[in-house]
Structures are given as C-alpha cells and as structure tokens.
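Chemist: Take a look at target-v6.pdb, PDB, C-alpha atoms:
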ATOM      1  CA  MET B  21       0.000   0.000   0.000
ATOM      2  CA  LYS B  22       2.789   2.397   0.924
ATOM      3  CA  HIS B  23       4.611   1.478  -2.268
ATOM      4  CA  GLN B  24       1.520   2.253  -4.403
ATOM      5  CA  SER B  25       1.097   5.662  -2.727
ATOM      6  CA  THR B  26       4.730   6.503  -3.440
ATOM      7  CA  ILE B  27       4.280   5.545  -7.087
ATOM      8  CA  ASN B  28       1.097   7.629  -7.342
ATOM      9  CA  ILE B  29       2.836  10.673  -5.864
ATOM     10  CA  PHE B  30       5.815  10.164  -8.178
ATOM     11  CA  VAL B  31       3.533   9.945 -11.242
ATOM     12  CA  LEU B  32       1.627  13.045 -10.143
ATOM     13  CA  PHE B  33       4.789  15.134  -9.694
ATOM     14  CA  THR B  34       6.295  13.802 -12.917
ATOM     15  CA  SER B  35       3.207  14.778 -14.898
ATOM     16  CA  LEU B  36       3.107  18.216 -13.251
ATOM     17  CA  PHE B  37       6.797  18.775 -13.986
ATOM     18  CA  ALA B  38       6.373  17.634 -17.590
ATOM     19  CA  SER B  39       3.411  19.982 -18.099
ATOM     20  CA  LEU B  40       5.529  22.907 -16.912
ATOM     21  CA  HIS B  41       8.141  22.163 -19.564
ATOM     22  CA  VAL B  42       5.813  21.890 -22.535
ATOM     23  CA  HIS B  43       6.967  24.451 -25.074
ATOM     24  CA  SER B  44       4.940  26.059 -27.783
ATOM     25  CA  SER B  45       5.912  25.030 -31.291
ATOM     26  CA  GLU B  46       6.045  28.717 -32.185
ATOM     27  CA  PRO B  47       9.275  30.437 -31.098
ATOM     28  CA  LEU B  48       9.078  33.551 -28.951
ATOM     29  CA  SER B  49       9.663  36.923 -30.591
ATOM     30  CA  GLY B  50      12.657  39.047 -29.667
ATOM     31  CA  ALA B  51      10.408  41.391 -27.693
ATOM     32  CA  GLU B  52       8.932  38.466 -25.742
ATOM     33  CA  LEU B  53      12.422  37.143 -25.026
ATOM     34  CA  ILE B  54      13.501  40.547 -23.705
ATOM     35  CA  ASN B  55      10.387  40.696 -21.507
ATOM     36  CA  ASN B  56      10.790  37.121 -20.232
ATOM     37  CA  ASN B  57      14.564  37.125 -19.724
ATOM     38  CA  CYS B  58      16.296  40.519 -19.687
ATOM     39  CA  ALA B  59      13.580  42.223 -17.637
ATOM     40  CA  ARG B  60      14.053  39.700 -14.823
ATOM     41  CA  CYS B  61      17.355  41.332 -13.860
ATOM     42  CA  HIS B  62      17.484  44.699 -15.617
ATOM     43  CA  ASN B  63      15.322  47.773 -15.258
ATOM     44  CA  SER B  64      13.709  48.670 -18.538
ATOM     45  CA  ARG B  65      15.960  50.802 -20.712
ATOM     46  CA  PRO B  66      15.687  52.083 -24.260
ATOM     47  CA  ILE B  67      17.276  49.846 -26.885
ATOM     48  CA  GLN B  68      18.980  52.964 -28.250
ATOM     49  CA  GLU B  69      21.114  53.140 -25.084
ATOM     50  CA  PHE B  70      23.698  51.110 -27.015
ATOM     51  CA  SER B  71      24.496  50.924 -30.724
ATOM     52  CA  MET B  72      23.846  47.689 -32.616
ATOM     53  CA  SER B  73      27.567  46.934 -32.711
ATOM     54  CA  GLU B  74      27.663  47.299 -28.905
ATOM     55  CA  TRP B  75      24.602  45.053 -28.497
ATOM     56  CA  LYS B  76      26.317  42.407 -30.644
ATOM     57  CA  VAL B  77      29.172  42.379 -28.119
ATOM     58  CA  ILE B  78      26.895  42.484 -25.065
ATOM     59  CA  MET B  79      24.495  39.718 -26.119
ATOM     60  CA  PRO B  80      26.968  36.779 -26.146
ATOM     61  CA  HIS B  81      27.885  37.613 -22.545
ATOM     62  CA  MET B  82      24.233  37.885 -21.546
ATOM     63  CA  ARG B  83      23.405  34.684 -23.431
ATOM     64  CA  GLU B  84      25.373  32.663 -20.905
ATOM     65  CA  LYS B  85      23.954  34.452 -17.863
ATOM     66  CA  ALA B  86      20.337  34.245 -19.070
ATOM     67  CA  HIS B  87      20.704  30.707 -20.463
ATOM     68  CA  LEU B  88      19.565  31.784 -23.928
ATOM     69  CA  THR B  89      20.006  29.710 -27.054
ATOM     70  CA  GLY B  90      21.769  31.077 -30.112
ATOM     71  CA  THR B  91      18.425  31.265 -31.895
ATOM     72  CA  GLU B  92      16.944  33.314 -29.056
ATOM     73  CA  VAL B  93      19.882  35.736 -29.113
ATOM     74  CA  GLN B  94      19.432  36.162 -32.874
ATOM     75  CA  ALA B  95      15.709  36.863 -32.375
ATOM     76  CA  ILE B  96      16.533  39.522 -29.763
ATOM     77  CA  LEU B  97      19.144  41.136 -32.017
ATOM     78  CA  LYS B  98      16.728  41.085 -34.967
ATOM     79  CA  PHE B  99      14.092  42.843 -32.849
ATOM     80  CA  MET B 100      16.682  45.398 -31.707
ATOM     81  CA  GLU B 101      17.667  46.083 -35.324
ATOM     82  CA  ILE B 102      14.021  46.657 -36.283
ATOM     83  CA  ALA B 103      13.539  48.894 -33.259
ATOM     84  CA  SER B 104      16.655  50.926 -34.009
ATOM     85  CA  THR B 105      15.882  51.402 -37.713
ATOM     86  CA  PRO B 106      14.994  55.032 -38.394
ATOM     87  CA  VAL B 107      11.441  55.646 -39.508
ATOM     88  CA  GLN B 108      11.352  56.517 -43.187
ATOM     89  CA  ALA B 109       8.477  58.113 -45.017
ATOM     90  CA  PRO B 110       6.855  55.572 -47.324
ATOM     91  CA  LYS B 111       7.255  56.137 -51.041
ATOM     92  CA  VAL B 112       3.846  56.675 -52.564
ATOM     93  CA  LEU B 113       3.702  55.780 -56.225
ATOM     94  CA  GLU B 114      -0.038  55.443 -56.524
ATOM     95  CA  SER B 115      -2.950  55.272 -54.179
ATOM     96  CA  VAL B 116      -3.470  51.656 -53.216
ATOM     97  CA  ASN B 117      -6.180  50.695 -50.755
ATOM     98  CA  ASN B 118      -4.471  47.966 -48.750
ATOM     99  CA  THR B 119      -6.221  47.068 -45.544
ATOM    100  CA  VAL B 120      -3.815  47.019 -42.620
ATOM    101  CA  GLU B 121      -4.486  44.123 -40.242
ATOM    102  CA  PRO B 122      -3.887  45.367 -36.661
ATOM    103  CA  ARG B 123      -2.972  41.923 -35.293
ATOM    104  CA  GLU B 124      -0.279  41.684 -37.998
ATOM    105  CA  VAL B 125       1.039  45.091 -36.893
ATOM    106  CA  LEU B 126       1.171  43.923 -33.256
ATOM    107  CA  THR B 127       3.081  40.816 -34.347
ATOM    108  CA  ARG B 128       5.454  42.576 -36.773
ATOM    109  CA  TYR B 129       6.650  45.059 -34.176
ATOM    110  CA  GLY B 130       6.561  42.616 -31.247
ATOM    111  CA  CYS B 131       4.176  44.824 -29.237
ATOM    112  CA  GLN B 132       2.857  41.912 -27.194
ATOM    113  CA  GLY B 133       6.366  41.044 -26.116
ATOM    114  CA  CYS B 134       6.037  43.905 -23.631
ATOM    115  CA  HIS B 135       2.327  44.846 -23.635
ATOM    116  CA  GLN B 136      -0.804  42.822 -23.012
ATOM    117  CA  VAL B 137      -3.601  42.959 -25.553
ATOM    118  CA  GLN B 138      -6.818  41.120 -24.754
ATOM    119  CA  GLY B 139      -5.163  39.319 -21.854
ATOM    120  CA  THR B 140      -2.103  37.967 -23.668
ATOM    121  CA  GLY B 141       1.380  39.387 -23.853
ATOM    122  CA  GLY B 142       4.147  40.726 -21.700
ATOM    123  CA  THR B 143       4.039  42.818 -18.564
ATOM    124  CA  LEU B 144       7.069  45.053 -19.057
ATOM    125  CA  GLY B 145       4.846  47.806 -20.489
ATOM    126  CA  PRO B 146       1.248  48.755 -19.705
ATOM    127  CA  SER B 147      -1.720  46.875 -21.122
ATOM    128  CA  LEU B 148      -2.978  48.362 -24.389
ATOM    129  CA  ASP B 149      -6.586  47.273 -23.883
ATOM    130  CA  ASN B 150      -7.759  50.571 -22.345
ATOM    131  CA  ILE B 151      -5.033  52.915 -23.561
ATOM    132  CA  ILE B 152      -7.290  54.808 -26.005
ATOM    133  CA  SER B 153     -10.164  55.232 -23.557
ATOM    134  CA  GLU B 154      -7.838  56.263 -20.702
ATOM    135  CA  LYS B 155      -5.249  58.421 -22.507
ATOM    136  CA  GLY B 156      -6.901  59.338 -25.812
ATOM    137  CA  ILE B 157      -6.003  58.880 -29.459
ATOM    138  CA  ALA B 158      -3.594  61.837 -29.581
ATOM    139  CA  PHE B 159      -1.559  60.438 -26.668
ATOM    140  CA  PHE B 160      -1.437  56.966 -28.229
ATOM    141  CA  GLU B 161      -0.337  58.251 -31.631
ATOM    142  CA  ARG B 162       2.362  60.461 -30.125
ATOM    143  CA  LYS B 163       3.600  57.695 -27.789
ATOM    144  CA  VAL B 164       4.011  55.306 -30.722
ATOM    145  CA  LYS B 165       5.824  57.934 -32.820
ATOM    146  CA  GLU B 166       7.890  59.428 -29.957
ATOM    147  CA  PRO B 167       8.072  56.799 -27.167
ATOM    148  CA  GLN B 168      10.105  58.950 -24.783
ATOM    149  CA  PHE B 169       8.023  62.163 -25.126
ATOM    150  CA  ASN B 170       6.422  61.821 -21.674
ATOM    151  CA  ASN B 171       9.100  59.685 -20.004
ATOM    152  CA  SER B 172      12.718  60.011 -21.092
ATOM    153  CA  ALA B 173      13.571  56.714 -19.366
ATOM    154  CA  SER B 174      10.901  54.730 -21.241
ATOM    155  CA  ALA B 175      12.225  51.459 -22.628
ATOM    156  CA  MET B 176       9.753  51.523 -25.514
ATOM    157  CA  PRO B 177      11.715  51.620 -28.761
ATOM    158  CA  LYS B 178      10.872  53.931 -31.614
ATOM    159  CA  MET B 179       9.600  51.611 -34.314
ATOM    160  CA  PRO B 180       9.493  52.185 -38.071
ATOM    161  CA  ILE B 181       5.682  52.117 -38.019
ATOM    162  CA  THR B 182       3.580  53.906 -40.637
ATOM    163  CA  ASP B 183       0.661  56.268 -40.068
ATOM    164  CA  GLU B 184      -1.662  53.685 -41.652
ATOM    165  CA  GLU B 185      -0.495  51.027 -39.185
ATOM    166  CA  ILE B 186      -1.011  53.399 -36.265
ATOM    167  CA  ALA B 187      -4.511  54.237 -37.536
ATOM    168  CA  ALA B 188      -5.351  50.510 -37.724
ATOM    169  CA  LEU B 189      -4.166  50.046 -34.130
ATOM    170  CA  VAL B 190      -6.251  53.026 -32.983
ATOM    171  CA  VAL B 191      -9.394  51.474 -34.463
ATOM    172  CA  PHE B 192      -8.525  48.043 -33.029
ATOM    173  CA  LEU B 193      -7.754  49.355 -29.524
ATOM    174  CA  SER B 194     -10.647  51.832 -29.335
ATOM    175  CA  PRO B 195     -13.651  50.896 -27.191
ATOM    176  CA  GLN B 196     -16.420  49.355 -29.253
TER     177      GLN B 196
END
As structure tokens - that is how I would like this structure written.

Modeler:
Amino acid sequence: MKHQSTINIFVLFTSLFASLHVHSSEPLSGAELINNNCARCHNSRPIQEFSMSEWKVIMPHMREKAHLTGTEVQAILKFMEIASTPVQAPKVLESVNNTVEPREVLTRYGCQGCHQVQGTGGTLGPSLDNIISEKGIAFFERKVKEPQFNNSASAMPKMPITDEEIAALVVFLSPQ
C-alpha cells in the first residue's frame, strides 16, 4: 500500500513537472524574449542606449547568464535592429487601398512582447486594452511615434511604423 502511494505521488509530480516544460511550437519573438529574460534582472531601458555593434558584443555575454540559445539571441538582435531602424516616409507611387491588419502590426513590431492585448502578452509595459479610452487617441499616436516624449527613461523603442499602421491600431484598440 505504501509502495503504491509513493508511485502515485511520483507519477503526479512527474506529470506536473512535464506539463511545466511543454513548449509552444512557435518560437518567442525578440520582444517576448527581452520581456521574459532581460527584464528579470534589468530595469527597462531604451534599446537605443547602445548601438547595434555594442549590443552584438553584449548579447553573447548575456546569453550565458540568461541561459539563452543562439536562436533566441538572434531573435533579440533582430528585434533590436528593427527597433533601431529610423522611420522613413513611405514612397507613394499610386494610391493603393491595402487594408492594414492590426494583429499583424502587433506581431510585426513585437508589441505583445512587452504589452498585453486582450489578456495575452508581456508585462514590461502597460496593457494596451484601455489605452485609447484612458489616454486618448492623440496620446497613443504620439507615444508610438515618440516613445520617450512623456518619459525620457521609457524602454519603448521607436519603431518604423507607418501612419496607416497606427490608424489601424487606434481602431482596433478603441472601445467598441
């Protein structure tokens, strides 16, 4: 009887432990990796604090400390490169009515790596669910275009996002 109880407890803990280590088949984005790993030890800082060449020297050292894989480091560096790319005005050759999908915008720029939207995402930044109703459209648009305008220490990177993408996010995040 005692032996059976021990086996039952062992099976229970083994199954619990295994369920904790189940990984999604989809790899985490660079923003999610920063939120889940870097933010555990470091206060949030702007990516622009260091140049890309400096980040490429820093990341191998941090890889060991944070137990990151090479693929994860590359994802973080790719996100940092996107975030540090200057915003360029789009070239308009002709008027094309392409519908911008807001969820694609959130994914492309890794917004949910730091922000929650509809209950999923990171916690490094504030939830975006009520941002429009609480702060207004003008605040949201300016914050996306100039992340440090109201807080010079904000870790939010300036992304190469277009006005059309911002407009799609405004509609998506506005109260219905």

Chemist: Mind giving me the straight-line distance from atom CA of B:Ile152 to atom CA of B:Arg128 in Å, one decimal?

Modeler: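 Between atom CA of B:Ile152 and atom CA of B:Arg128 the gap works out to 20.7 Å.
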
Chemist: Applied to the shown file, which residues does the PyMOL selection byres ((chain B and resi 136) around 12) return, written as a PyMOL selection string?

Modeler: chain B and resi 52+55+126+130-135+137-151+193

Chemist: Would you mind reading off the distance between atom CA of B:Ile78 and atom CA of B:Val93, one decimal, in Å?

Modeler: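 Distance between the two atoms: 10.5 Å.
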
Chemist: For this file, the PyMOL selection byres ((chain B and resi 98) around 12) selects which residues, as a PDB file with C-alpha atoms, keeping the file's coordinate frame?

Modeler:
ATOM      1  CA  SER B  49       9.663  36.923 -30.591  1.00  0.00           C
ATOM      2  CA  GLY B  50      12.657  39.047 -29.667  1.00  0.00           C
ATOM      3  CA  ALA B  51      10.408  41.391 -27.693  1.00  0.00           C
ATOM      4  CA  LEU B  53      12.422  37.143 -25.026  1.00  0.00           C
ATOM      5  CA  ILE B  54      13.501  40.547 -23.705  1.00  0.00           C
ATOM      6  CA  ILE B  67      17.276  49.846 -26.885  1.00  0.00           C
ATOM      7  CA  MET B  72      23.846  47.689 -32.616  1.00  0.00           C
ATOM      8  CA  TRP B  75      24.602  45.053 -28.497  1.00  0.00           C
ATOM      9  CA  LYS B  76      26.317  42.407 -30.644  1.00  0.00           C
ATOM     10  CA  MET B  79      24.495  39.718 -26.119  1.00  0.00           C
ATOM     11  CA  THR B  91      18.425  31.265 -31.895  1.00  0.00           C
ATOM     12  CA  GLU B  92      16.944  33.314 -29.056  1.00  0.00           C
ATOM     13  CA  VAL B  93      19.882  35.736 -29.113  1.00  0.00           C
ATOM     14  CA  GLN B  94      19.432  36.162 -32.874  1.00  0.00           C
ATOM     15  CA  ALA B  95      15.709  36.863 -32.375  1.00  0.00           C
ATOM     16  CA  ILE B  96      16.533  39.522 -29.763  1.00  0.00           C
ATOM     17  CA  LEU B  97      19.144  41.136 -32.017  1.00  0.00           C
ATOM     18  CA  PHE B  99      14.092  42.843 -32.849  1.00  0.00           C
ATOM     19  CA  MET B 100      16.682  45.398 -31.707  1.00  0.00           C
ATOM     20  CA  GLU B 101      17.667  46.083 -35.324  1.00  0.00           C
ATOM     21  CA  ILE B 102      14.021  46.657 -36.283  1.00  0.00           C
ATOM     22  CA  ALA B 103      13.539  48.894 -33.259  1.00  0.00           C
ATOM     23  CA  SER B 104      16.655  50.926 -34.009  1.00  0.00           C
ATOM     24  CA  THR B 105      15.882  51.402 -37.713  1.00  0.00           C
ATOM     25  CA  ARG B 128       5.454  42.576 -36.773  1.00  0.00           C
ATOM     26  CA  TYR B 129       6.650  45.059 -34.176  1.00  0.00           C
ATOM     27  CA  GLY B 130       6.561  42.616 -31.247  1.00  0.00           C
TER      28      GLY B 130
END

Chemist: Expand the PyMOL selection byres ((chain B and resi 168-175) around 9) into the explicit residue set it covers here, and present it as JSON, numbers by chain.

Modeler: {"B": [63, 64, 65, 66, 67, 68, 144, 145, 162, 163, 166, 167, 176, 177, 178]}

Chemist: With only C-alpha atoms as the basis for distance, which of B:Ala86, B:Val164, B:Ile157, B:Val191 is at the shortest distance from B:Met179?

Modeler: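 Going through B:Ala86, B:Val164, B:Ile157, B:Val191 one by one, the smallest distance to B:Met179 is for B:Val164.
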
Chemist: Could you work out an axis-aligned box for stretch 143-146 of chain B, taking every atom the file lists and adding 4 Å on each side, and report centre and edge lengths in Å to one decimal, as JSON?

Modeler:
{"center_x": 4.2, "center_y": 45.8, "center_z": -19.5, "size_x": 13.8, "size_y": 13.9, "size_z": 9.9}

Chemist: Skip B:Pro122 itself and residues of its chain fewer than 3 positions away, then list as a ChimeraX atom specification all residues within 9 Å of it, counting all atoms listed in the file.

Modeler: /B:125-127,185-192

Chemist: Rounded to one decimal in Å, what is the spacing between atom CA of B:Arg60 and atom CA of B:Lys155?

Modeler: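 Result for atom CA of B:Arg60 versus atom CA of B:Lys155: 28.0 Å, one decimal.
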